[in-house]
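Visitor: File follows, model_25.cif with mmCIF, C-alpha atoms and all ligand atoms:
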data_data
loop_
_atom_site.label_atom_id
_atom_site.label_comp_id
_atom_site.auth_asym_id
_atom_site.auth_seq_id
_atom_site.Cartn_x
_atom_site.Cartn_y
_atom_site.Cartn_z
CA MET W 1 0.00 0.00 0.00
CA SER W 2 1.43 3.40 -0.99
CA TYR W 3 0.39 7.01 -0.55
CA GLY W 4 1.93 8.62 -3.61
CA SER W 5 5.54 7.47 -3.72
CA LYS W 6 5.54 6.57 -0.01
CA ASN W 7 5.28 2.86 0.67
CA VAL W 8 3.24 2.49 3.85
CA LEU W 9 2.45 -1.24 4.17
CA ASN W 10 4.52 -4.18 2.95
CA GLU W 11 3.73 -7.89 2.87
CA ILE W 12 1.09 -7.79 5.58
CA ASN W 13 -0.24 -11.32 5.89
CA LEU W 14 -2.76 -12.01 8.63
CA ASP W 15 -5.34 -14.74 9.17
CA VAL W 16 -7.84 -13.72 11.80
CA TYR W 17 -10.40 -16.02 13.43
CA PRO W 18 -13.68 -15.51 15.28
CA GLY W 19 -13.24 -14.98 19.00
CA GLN W 20 -9.86 -13.30 18.66
CA ILE W 21 -9.12 -9.94 20.20
CA ILE W 22 -6.08 -8.70 18.40
CA GLY W 23 -4.00 -6.00 20.02
CA TYR W 24 -2.74 -4.12 16.97
CA ILE W 25 0.21 -2.00 18.03
CA GLY W 26 3.13 -0.11 16.52
CA PRO W 27 4.96 3.23 16.57
CA ASN W 28 3.28 6.41 15.28
CA GLY W 29 3.06 6.23 11.51
CA ALA W 30 3.66 2.45 11.35
CA GLY W 31 0.50 1.93 9.28
CA LYS W 32 -2.07 0.68 11.82
CA SER W 33 -4.89 3.06 10.88
CA THR W 34 -4.15 2.51 7.19
CA THR W 35 -4.56 -1.26 7.64
CA LEU W 36 -7.87 -0.75 9.41
CA LYS W 37 -9.06 1.64 6.68
CA ILE W 38 -8.18 -0.90 3.96
CA MET W 39 -10.16 -3.61 5.76
CA LEU W 40 -13.07 -1.20 6.16
CA GLY W 41 -13.06 -0.47 2.44
CA LEU W 42 -12.22 3.20 3.07
CA VAL W 43 -8.93 3.05 1.16
CA GLU W 44 -8.97 1.26 -2.18
CA GLU W 45 -5.56 1.92 -3.73
CA TYR W 46 -3.80 -1.13 -2.27
CA SER W 47 -2.29 -4.17 -3.89
CA GLY W 48 -3.00 -7.61 -2.48
CA MET W 49 -6.19 -9.24 -1.31
CA VAL W 50 -8.37 -8.66 1.74
CA GLU W 51 -11.00 -11.27 2.52
CA ILE W 52 -13.60 -10.54 5.16
CA PHE W 53 -16.15 -13.19 6.14
CA GLY W 54 -14.54 -15.27 3.37
CA GLU W 55 -15.18 -12.74 0.57
CA ASP W 56 -12.74 -10.56 -1.34
CA ILE W 57 -13.79 -7.03 -0.38
CA ALA W 58 -12.65 -5.65 -3.74
CA THR W 59 -15.30 -7.66 -5.58
CA SER W 60 -18.01 -8.29 -2.97
CA ASP W 61 -20.92 -5.92 -2.51
CA TYR W 62 -21.15 -3.67 0.54
CA SER W 63 -23.30 -6.02 2.62
CA TYR W 64 -20.29 -7.23 4.64
CA LYS W 65 -20.06 -3.72 6.13
CA ARG W 66 -23.31 -4.28 7.99
CA LYS W 67 -21.49 -6.83 10.14
CA ILE W 68 -18.63 -4.47 10.98
CA GLY W 69 -18.39 -1.92 13.79
CA TYR W 70 -15.76 0.83 13.84
CA VAL W 71 -14.54 3.36 16.36
CA PRO W 72 -12.14 5.62 14.44
CA GLU W 73 -9.23 7.36 16.10
CA ASN W 74 -10.42 10.78 14.94
CA ALA W 75 -14.16 10.56 14.53
CA GLU W 76 -16.30 12.99 12.61
CA ILE W 77 -19.52 13.07 14.59
CA TYR W 78 -22.62 15.06 13.62
CA ASP W 79 -22.65 16.98 16.85
CA ASN W 80 -25.63 19.19 16.05
CA LEU W 81 -27.71 16.06 16.50
CA THR W 82 -28.81 14.79 19.89
CA ALA W 83 -27.35 11.47 21.04
CA ASN W 84 -30.69 9.83 20.30
CA GLU W 85 -30.86 11.30 16.77
CA TYR W 86 -27.27 10.41 16.00
CA LEU W 87 -27.47 6.82 17.26
CA THR W 88 -30.81 6.17 15.56
CA PHE W 89 -29.39 7.56 12.31
CA ILE W 90 -26.30 5.35 12.53
CA GLY W 91 -28.45 2.33 13.43
CA GLU W 92 -30.59 2.93 10.35
CA LEU W 93 -27.47 3.24 8.17
CA TYR W 94 -26.59 -0.26 9.36
CA GLY W 95 -30.03 -1.50 8.32
CA MET W 96 -31.86 -1.40 11.64
CA GLU W 97 -35.49 -0.34 11.98
CA GLN W 98 -35.81 3.17 13.43
CA ASN W 99 -37.66 2.01 16.56
CA GLU W 100 -35.29 -0.85 17.19
CA ALA W 101 -32.27 1.48 16.87
CA ALA W 102 -33.84 4.15 19.12
CA ASN W 103 -34.81 1.65 21.83
CA LYS W 104 -31.46 -0.08 21.81
CA ALA W 105 -29.61 3.26 21.85
CA GLU W 106 -31.63 4.34 24.89
CA SER W 107 -30.87 1.10 26.74
CA LEU W 108 -27.16 1.33 25.97
CA MET W 109 -26.99 5.02 26.96
CA GLN W 110 -28.63 4.03 30.27
CA GLN W 111 -25.90 1.46 30.88
CA PHE W 112 -23.34 4.25 30.59
CA GLY W 113 -25.39 6.43 32.97
CA MET W 114 -26.16 8.85 30.13
CA GLU W 115 -29.95 8.57 29.96
CA ASP W 116 -30.30 12.21 31.07
CA VAL W 117 -28.48 13.46 27.97
CA LEU W 118 -30.14 11.18 25.42
CA HIS W 119 -32.00 14.18 23.94
CA THR W 120 -29.14 16.67 24.34
CA ARG W 121 -27.01 17.83 21.42
CA ILE W 122 -23.66 16.04 21.23
CA SER W 123 -21.92 19.43 20.76
CA SER W 124 -22.36 20.03 24.52
CA PHE W 125 -20.84 16.66 25.52
CA SER W 126 -17.46 16.23 27.19
CA LYS W 127 -14.77 14.25 25.32
CA GLY W 128 -15.48 11.09 27.31
CA MET W 129 -19.24 11.40 26.75
CA ARG W 130 -18.69 11.71 22.99
CA GLN W 131 -16.43 8.68 23.09
CA LYS W 132 -19.14 6.64 24.80
CA VAL W 133 -21.62 7.66 22.09
CA LEU W 134 -19.10 6.56 19.47
CA ILE W 135 -18.59 3.22 21.17
CA ILE W 136 -22.36 2.68 21.34
CA SER W 137 -22.70 3.64 17.66
CA SER W 138 -20.10 1.03 16.70
CA LEU W 139 -21.90 -1.78 18.55
CA LEU W 140 -25.59 -0.88 18.14
CA HIS W 141 -26.13 -3.21 15.17
CA ASN W 142 -24.47 -6.19 16.88
CA PRO W 143 -21.49 -6.48 14.49
CA ASP W 144 -19.38 -9.64 14.23
CA LEU W 145 -16.15 -7.82 13.43
CA ILE W 146 -15.18 -4.74 15.43
CA PHE W 147 -12.37 -2.30 14.66
CA LEU W 148 -11.38 -0.07 17.54
CA ASP W 149 -8.77 2.64 17.03
CA GLU W 150 -7.70 4.08 20.42
CA PRO W 151 -11.23 3.50 21.82
CA LEU W 152 -10.49 4.47 25.43
CA SER W 153 -9.46 7.99 24.50
CA GLY W 154 -10.85 10.41 27.09
CA LEU W 155 -12.57 7.75 29.22
CA ASP W 156 -12.28 7.81 33.02
CA ALA W 157 -10.88 4.83 34.97
CA ASN W 158 -14.32 3.39 35.81
CA SER W 159 -15.47 3.60 32.20
CA VAL W 160 -12.25 1.94 31.05
CA MET W 161 -13.02 -1.02 33.34
CA ILE W 162 -16.51 -1.33 31.87
CA ILE W 163 -15.25 -1.21 28.27
CA LYS W 164 -12.55 -3.81 28.98
CA ASP W 165 -15.21 -6.14 30.41
CA ILE W 166 -17.54 -5.45 27.47
CA LEU W 167 -14.78 -6.39 25.02
CA GLU W 168 -13.98 -9.60 26.88
CA GLN W 169 -17.65 -10.58 26.84
CA LEU W 170 -18.11 -9.71 23.17
CA VAL W 171 -15.17 -11.97 22.34
CA ALA W 172 -16.74 -14.73 24.46
CA HIS W 173 -19.79 -14.30 22.18
CA GLY W 174 -17.56 -15.11 19.19
CA LYS W 175 -17.01 -11.53 18.00
CA THR W 176 -13.65 -10.64 16.47
CA ILE W 177 -12.02 -7.44 17.66
CA PHE W 178 -9.13 -5.49 16.19
CA TYR W 179 -7.90 -3.29 18.98
CA SER W 180 -5.39 -0.64 17.97
CA SER W 181 -3.91 1.38 20.81
CA HIS W 182 -0.78 2.85 22.35
CA ILE W 183 -1.84 2.01 25.91
CA MET W 184 0.37 -1.03 26.33
CA ASP W 185 -0.88 -2.31 29.68
CA VAL W 186 -4.48 -2.45 28.40
CA VAL W 187 -3.43 -4.18 25.17
CA GLU W 188 -1.36 -6.64 27.23
CA LYS W 189 -4.34 -7.52 29.43
CA ILE W 190 -7.21 -7.76 26.95
CA SER W 191 -5.60 -9.25 23.82
CA ASN W 192 -5.45 -12.96 23.12
CA ARG W 193 -3.16 -12.17 20.19
CA ILE W 194 -0.80 -9.24 19.68
CA VAL W 195 0.39 -8.02 16.30
CA LEU W 196 3.20 -5.47 16.24
CA LEU W 197 3.61 -3.39 13.10
CA VAL W 198 6.90 -1.57 12.48
CA ASP W 199 7.47 0.47 9.31
CA GLY W 200 4.54 -1.19 7.59
CA LYS W 201 5.72 -4.74 8.32
CA ILE W 202 4.69 -7.29 10.93
CA ALA W 203 7.51 -7.43 13.47
CA ALA W 204 5.78 -9.78 15.94
CA ASP W 205 2.60 -11.86 16.02
CA GLY W 206 1.56 -14.09 18.91
CA THR W 207 0.09 -14.27 22.37
CA PHE W 208 1.57 -12.00 25.02
CA GLU W 209 3.19 -15.04 26.63
CA GLU W 210 4.79 -16.06 23.31
CA LEU W 211 6.16 -12.56 22.77
CA GLN W 212 7.49 -12.50 26.35
CA GLU W 213 9.22 -15.81 25.76
CA GLN W 214 10.72 -14.74 22.40
CA ASN W 215 11.93 -11.36 23.61
CA LYS W 216 12.88 -12.08 27.23
CA GLN W 217 10.92 -9.05 28.40
CA GLY W 218 8.39 -8.91 31.22
CA SER W 219 6.01 -6.28 29.89
CA LEU W 220 4.50 -5.41 26.52
CA GLU W 221 6.07 -1.97 26.86
CA GLY W 222 9.50 -3.63 27.17
CA ILE W 223 8.80 -5.86 24.15
CA PHE W 224 7.63 -2.83 22.17
CA ASN W 225 10.80 -0.85 23.06
CA GLN W 226 13.01 -3.79 22.16
CA LEU W 227 11.38 -4.65 18.83
CA THR W 228 11.21 -1.03 17.71
CA GLY W 229 14.88 -0.61 18.66
CA PHE W 230 14.15 2.23 21.02
CA ASP W 231 16.34 2.93 24.05
CA GLU W 232 16.78 6.67 23.86
CA HIS W 233 13.78 8.02 25.76
CA LYS W 234 15.88 9.67 28.45
CA HIS W 235 18.24 11.31 26.01
CA THR W 236 15.36 12.51 23.79
CA ALA W 237 13.54 13.96 26.82
CA GLU W 238 16.69 15.76 28.00
CA GLU W 239 17.30 17.28 24.58
CA PHE W 240 13.64 18.33 24.27
CA VAL W 241 13.66 20.08 27.65
CA ARG W 242 17.05 21.67 26.92
CA ILE W 243 15.57 23.26 23.78
CA VAL W 244 12.32 24.30 25.55
CA THR W 245 14.26 25.94 28.37
CA ASN W 246 16.83 27.51 25.99
CA GLY W 247 19.57 25.52 27.70
CA ASP W 248 18.98 27.10 31.12
CA ALA W 249 20.46 25.16 34.03
CA ASN W 250 17.65 23.55 36.06
CA ASP W 251 18.86 24.65 39.48
N1 LIG W 301 -4.22 10.22 3.57
C1 LIG W 301 -2.91 10.09 3.62
N2 LIG W 301 -2.13 10.65 2.67
C2 LIG W 301 -0.79 10.51 2.68
N3 LIG W 301 -0.11 9.80 3.62
C3 LIG W 301 -0.83 9.22 4.58
C4 LIG W 301 -2.26 9.34 4.64
N4 LIG W 301 -2.69 8.64 5.74
C5 LIG W 301 -1.59 8.14 6.32
N5 LIG W 301 -0.47 8.47 5.63
C6 LIG W 301 0.90 8.09 5.97
O1 LIG W 301 0.93 6.69 6.11
C7 LIG W 301 1.79 6.30 7.19
C8 LIG W 301 1.00 5.42 8.14
O2 LIG W 301 -0.02 6.20 8.77
P1 LIG W 301 -1.09 5.54 9.75
O3 LIG W 301 -2.08 6.61 10.08
O4 LIG W 301 -1.59 4.28 9.15
O5 LIG W 301 -0.16 5.20 10.99
P2 LIG W 301 -0.55 4.68 12.44
O6 LIG W 301 0.29 3.46 12.68
O7 LIG W 301 -2.02 4.52 12.57
O8 LIG W 301 0.00 5.89 13.32
P3 LIG W 301 -0.49 6.53 14.73
O9 LIG W 301 -0.03 5.58 15.79
O10 LIG W 301 0.28 7.81 14.79
O11 LIG W 301 -1.98 6.73 14.67
C9 LIG W 301 2.30 7.59 7.80
O12 LIG W 301 3.60 7.82 7.26
C10 LIG W 301 1.34 8.65 7.30
O13 LIG W 301 1.98 9.89 7.11
#
Show how you would write the structure in this file as structure tokens.

Guide:
Amino acid sequence: MSYGSKNVLNEINLDVYPGQIIGYIGPNGAGKSTTLKIMLGLVEEYSGMVEIFGEDIATSDYSYKRKIGYVPENAEIYDNLTANEYLTFIGELYGMEQNEAANKAESLMQQFGMEDVLHTRISSFSKGMRQKVLIISSLLHNPDLIFLDEPLSGLDANSVMIIKDILEQLVAHGKTIFYSSHIMDVVEKISNRIVLLVDGKIAADGTFEELQEQNKQGSLEGIFNQLTGFDEHKHTAEEFVRIVTNGDAND
């Protein structure tokens, strides 16, 4: 996959099975979002083949998208709509009846303690509240395949616990989840498979325990640092602060 002359993804070869929650990690710019966008059919200029639910997405019709849920990293949300209007609209886009979408949206908003703002415009919501609406919108139609790009962004610690449990239970229901994030301790805990992308190539693929074994590191953060060849955080921080402070001594 290339953007202009820039080659972004190379020889990505992944077989993914129902019930897997894949922690999809890699340095900034490694190509994670691009991979998700290709699988979602949002980027078409790639070479190679992507099969979803056993069908080549380049030649199949769009019906496979009804079984996919997506929380993008940077979401465009129609924030002049109320949460109820937005969620019902999204539900209908996924083929749900209006009443069914509205009722389910209300029930899910209640679970997040947001029933009071169901009929409030999203433009007045806090970041975490918007994120919860986005998460609901990605799951409303009961998708089988779920792509989550930094889904915990802006969520408080209690909400994070709920979402982690929701993901575990969805996987127990046979859903497949692609979970792309930079929060290593969450990825470490929730994933039953971890794929590390570096410079558009797969640098590691296995369970956390397998990656620990292969890399002789205790934490996913340590494995990530090792496989991305990064050991300069202290030096980089010192240089950054030296420039910010115009080289002033810190005493
Ligand atoms: N629309 C675009 N046009 C040109 N280049 C792009 C475009 N989208 C992404 N890229 C480039 O593709 C590369 C991979 O970007 P991508 O967003 O997939 O990375 P990422 O792994 O998701 O990064 P991050 O962790 O920062 O979100 C980057 O070099 C980026 O500049």

Visitor: If you take all atoms listed in the file and a cut-off of 12 Å, which residues of chain W touch ligand LIG 301 (chain W), and what are their nearest atom pairs and distances in Å to one decimal, in chain and number order, as CSV?

Guide:
residue,atom,partner,partner_atom,distance
W:Met1,CA,W:LIG301,O1,9.1
W:Ser2,CA,W:LIG301,O1,7.8
W:Tyr3,CA,W:LIG301,C2,4.9
W:Gly4,CA,W:LIG301,C2,7.1
W:Ser5,CA,W:LIG301,C2,9.5
W:Lys6,CA,W:LIG301,N3,7.5
W:Asn7,CA,W:LIG301,O1,7.9
W:Val8,CA,W:LIG301,C7,5.3
W:Leu9,CA,W:LIG301,C8,7.9
W:Asn10,CA,W:LIG301,C8,11.5
W:Tyr24,CA,W:LIG301,O6,9.2
W:Ile25,CA,W:LIG301,O6,7.6
W:Gly26,CA,W:LIG301,O6,6.0
W:Pro27,CA,W:LIG301,O9,5.6
W:Asn28,CA,W:LIG301,O10,3.3
W:Gly29,CA,W:LIG301,O5,3.4
W:Ala30,CA,W:LIG301,O6,3.8
W:Gly31,CA,W:LIG301,O4,3.1
W:Lys32,CA,W:LIG301,O6,3.7
W:Ser33,CA,W:LIG301,O7,3.6
W:Thr34,CA,W:LIG301,O4,3.7
W:Thr35,CA,W:LIG301,O4,6.5
W:Leu36,CA,W:LIG301,O4,8.1
W:Lys37,CA,W:LIG301,O4,8.3
W:Ile38,CA,W:LIG301,O4,9.9
W:Leu42,CA,W:LIG301,N1,10.7
W:Val43,CA,W:LIG301,N1,8.9
W:Glu44,CA,W:LIG301,N1,11.7
W:Glu45,CA,W:LIG301,N1,11.1
W:Pro72,CA,W:LIG301,O11,10.2
W:Glu73,CA,W:LIG301,O11,7.4
W:Asn74,CA,W:LIG301,O11,9.4
W:Leu148,CA,W:LIG301,O7,11.5
W:Asp149,CA,W:LIG301,O11,8.3
W:Glu150,CA,W:LIG301,O11,8.5
W:Tyr179,CA,W:LIG301,O7,11.7
W:Ser180,CA,W:LIG301,O7,8.2
W:Ser181,CA,W:LIG301,O9,7.6
W:His182,CA,W:LIG301,O9,7.1
W:Ile183,CA,W:LIG301,O9,10.9
W:Leu196,CA,W:LIG301,O6,10.0
W:Leu197,CA,W:LIG301,O6,7.6
W:Val198,CA,W:LIG301,O6,8.3
W:Asp199,CA,W:LIG301,C8,8.2
W:Gly200,CA,W:LIG301,C8,7.5
W:Lys201,CA,W:LIG301,O6,10.8
W:Ile202,CA,W:LIG301,O6,11.7

Visitor: Here is a test: counting all atoms listed in the file, which residue of W:Ser126, W:Ser107, W:Gln212, W:Ser137 is nearest to Ser153 (chain W)?

Guide: W:Ser126

Visitor: Looking at only C-alpha atoms, which of W:Leu227, W:Lys104, W:Gly218, W:Asp61 is the one that sits closest to Val195 (chain W)?

Guide: W:Leu227

Visitor: How many Å lie between CA of Lys216 (chain W) and CA of Pro18 (chain W), rounded to one decimal?

Guide: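 Computing it gives 29.3 Å between the two atoms.
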
Visitor: Go ahead and compute the interatomic distance for CA of Lys234 (chain W) and CA of Phe208 (chain W), in Å to one decimal.

Guide: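 Interatomic distance here is 26.2 Å.
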
Visitor: Would you mind reading off the distance between CA of Asp144 (chain W) and CA of Lys67 (chain W), one decimal, in Å?

Guide: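 Straight-line distance from CA of Asp144 (chain W) to CA of Lys67 (chain W) works out to 5.4 Å.
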
Visitor: Pick from W:Gln169, W:Thr176, W:Asn99, W:Thr88: nearest to Arg193 (chain W), with only C-alpha atoms counted?

Guide: W:Thr176

Visitor: Near Lys65 (chain W), within 9 Å and counting all atoms listed in the file, which residues show up once chain neighbours fewer than 2 positions away are dropped, as a short mmCIF file (atom, residue, chain, number, x, y, z; two decimals) with C-alpha atoms, in the coordinates of the input?

Guide:
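Contents of out13.cif, as written:
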data_model
loop_
_atom_site.label_atom_id
_atom_site.label_comp_id
_atom_site.auth_asym_id
_atom_site.auth_seq_id
_atom_site.Cartn_x
_atom_site.Cartn_y
_atom_site.Cartn_z
CA LEU W 40 -13.07 -1.20 6.16
CA GLY W 41 -13.06 -0.47 2.44
CA ASP W 61 -20.92 -5.92 -2.51
CA TYR W 62 -21.15 -3.67 0.54
CA SER W 63 -23.30 -6.02 2.62
CA LYS W 67 -21.49 -6.83 10.14
CA ILE W 68 -18.63 -4.47 10.98
CA GLY W 69 -18.39 -1.92 13.79
CA TYR W 94 -26.59 -0.26 9.36
CA PRO W 143 -21.49 -6.48 14.49
#

Visitor: Counting all atoms listed in the file, note down every residue that has an atom within 10 Å of the point (-11.9, 5.3, 27.9) (file coordinates), as a list in words.

Guide: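 Looking at atoms near the point gives Lys127, Gly128, Met129, Gln131, Lys132, Ile135, Glu150, Pro151, Leu152, Ser153, Gly154, Leu155, Asp156, Ala157, Asn158, Ser159, Val160, Met161, Ile162, Ile163 and Lys164 of chain W.
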
Visitor: Keeping only C-alpha atoms, write those residues as a compact mmCIF listing (two decimals), in the frame of the given file.

Guide:
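Final output, selection29.txt:
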# COMPACT_ATOMS: atom_id res chain seq x y z
CA LYS W 127 -14.77 14.25 25.32
CA GLY W 128 -15.48 11.09 27.31
CA MET W 129 -19.24 11.40 26.75
CA GLN W 131 -16.43 8.68 23.09
CA LYS W 132 -19.14 6.64 24.80
CA ILE W 135 -18.59 3.22 21.17
CA GLU W 150 -7.70 4.08 20.42
CA PRO W 151 -11.23 3.50 21.82
CA LEU W 152 -10.49 4.47 25.43
CA SER W 153 -9.46 7.99 24.50
CA GLY W 154 -10.85 10.41 27.09
CA LEU W 155 -12.57 7.75 29.22
CA ASP W 156 -12.28 7.81 33.02
CA ALA W 157 -10.88 4.83 34.97
CA ASN W 158 -14.32 3.39 35.81
CA SER W 159 -15.47 3.60 32.20
CA VAL W 160 -12.25 1.94 31.05
CA MET W 161 -13.02 -1.02 33.34
CA ILE W 162 -16.51 -1.33 31.87
CA ILE W 163 -15.25 -1.21 28.27
CA LYS W 164 -12.55 -3.81 28.98

Visitor: Which protein, DNA or RNA residues have an atom at most 12 Å from (-27.3, 7.6, 27.3), counting all atoms listed in the file? List them as number ranges by chain.

Guide: W: 82-87, 102-122, 125, 129-137

Visitor: Emit the selected residues as an mmCIF file, in the coordinates of the input, including C-alpha atoms.

Guide:
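Contents of the output file result-v3.cif:
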data_model
loop_
_atom_site.group_PDB
_atom_site.id
_atom_site.type_symbol
_atom_site.label_atom_id
_atom_site.label_comp_id
_atom_site.auth_asym_id
_atom_site.auth_seq_id
_atom_site.Cartn_x
_atom_site.Cartn_y
_atom_site.Cartn_z
ATOM 1 C CA THR W 82 -28.810 14.790 19.890
ATOM 2 C CA ALA W 83 -27.350 11.470 21.040
ATOM 3 C CA ASN W 84 -30.690 9.830 20.300
ATOM 4 C CA GLU W 85 -30.860 11.300 16.770
ATOM 5 C CA TYR W 86 -27.270 10.410 16.000
ATOM 6 C CA LEU W 87 -27.470 6.820 17.260
ATOM 7 C CA ALA W 102 -33.840 4.150 19.120
ATOM 8 C CA ASN W 103 -34.810 1.650 21.830
ATOM 9 C CA LYS W 104 -31.460 -0.080 21.810
ATOM 10 C CA ALA W 105 -29.610 3.260 21.850
ATOM 11 C CA GLU W 106 -31.630 4.340 24.890
ATOM 12 C CA SER W 107 -30.870 1.100 26.740
ATOM 13 C CA LEU W 108 -27.160 1.330 25.970
ATOM 14 C CA MET W 109 -26.990 5.020 26.960
ATOM 15 C CA GLN W 110 -28.630 4.030 30.270
ATOM 16 C CA GLN W 111 -25.900 1.460 30.880
ATOM 17 C CA PHE W 112 -23.340 4.250 30.590
ATOM 18 C CA GLY W 113 -25.390 6.430 32.970
ATOM 19 C CA MET W 114 -26.160 8.850 30.130
ATOM 20 C CA GLU W 115 -29.950 8.570 29.960
ATOM 21 C CA ASP W 116 -30.300 12.210 31.070
ATOM 22 C CA VAL W 117 -28.480 13.460 27.970
ATOM 23 C CA LEU W 118 -30.140 11.180 25.420
ATOM 24 C CA HIS W 119 -32.000 14.180 23.940
ATOM 25 C CA THR W 120 -29.140 16.670 24.340
ATOM 26 C CA ARG W 121 -27.010 17.830 21.420
ATOM 27 C CA ILE W 122 -23.660 16.040 21.230
ATOM 28 C CA PHE W 125 -20.840 16.660 25.520
ATOM 29 C CA MET W 129 -19.240 11.400 26.750
ATOM 30 C CA ARG W 130 -18.690 11.710 22.990
ATOM 31 C CA GLN W 131 -16.430 8.680 23.090
ATOM 32 C CA LYS W 132 -19.140 6.640 24.800
ATOM 33 C CA VAL W 133 -21.620 7.660 22.090
ATOM 34 C CA LEU W 134 -19.100 6.560 19.470
ATOM 35 C CA ILE W 135 -18.590 3.220 21.170
ATOM 36 C CA ILE W 136 -22.360 2.680 21.340
ATOM 37 C CA SER W 137 -22.700 3.640 17.660
#

Visitor: Between W:Leu81, W:Val241, W:Ile194, W:Leu14, which residue has the minimum interatomic distance to Phe224 (chain W), considering all atoms listed in the file?

Guide: W:Ile194

Visitor: W:Glu209, W:Glu51, W:Glu188, W:Glu97: which is nearest Asn13 (chain W), counting only C-alpha atoms?

Guide: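 Of all the options, W:Glu51 lies closest to Asn13 (chain W).
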
Visitor: Measuring between all atoms listed in the file, which one of W:Glu213, W:Glu76, W:Asp205, W:Glu232 shows the shortest distance to Ser191 (chain W)?

Guide: W:Asp205

Visitor: Show which residues sit within 12 Å of Asn215 (chain W), as a count of residues only. Count all atoms listed in the file, and ignore same-chain residues fewer than 4 positions away.

Guide: 17
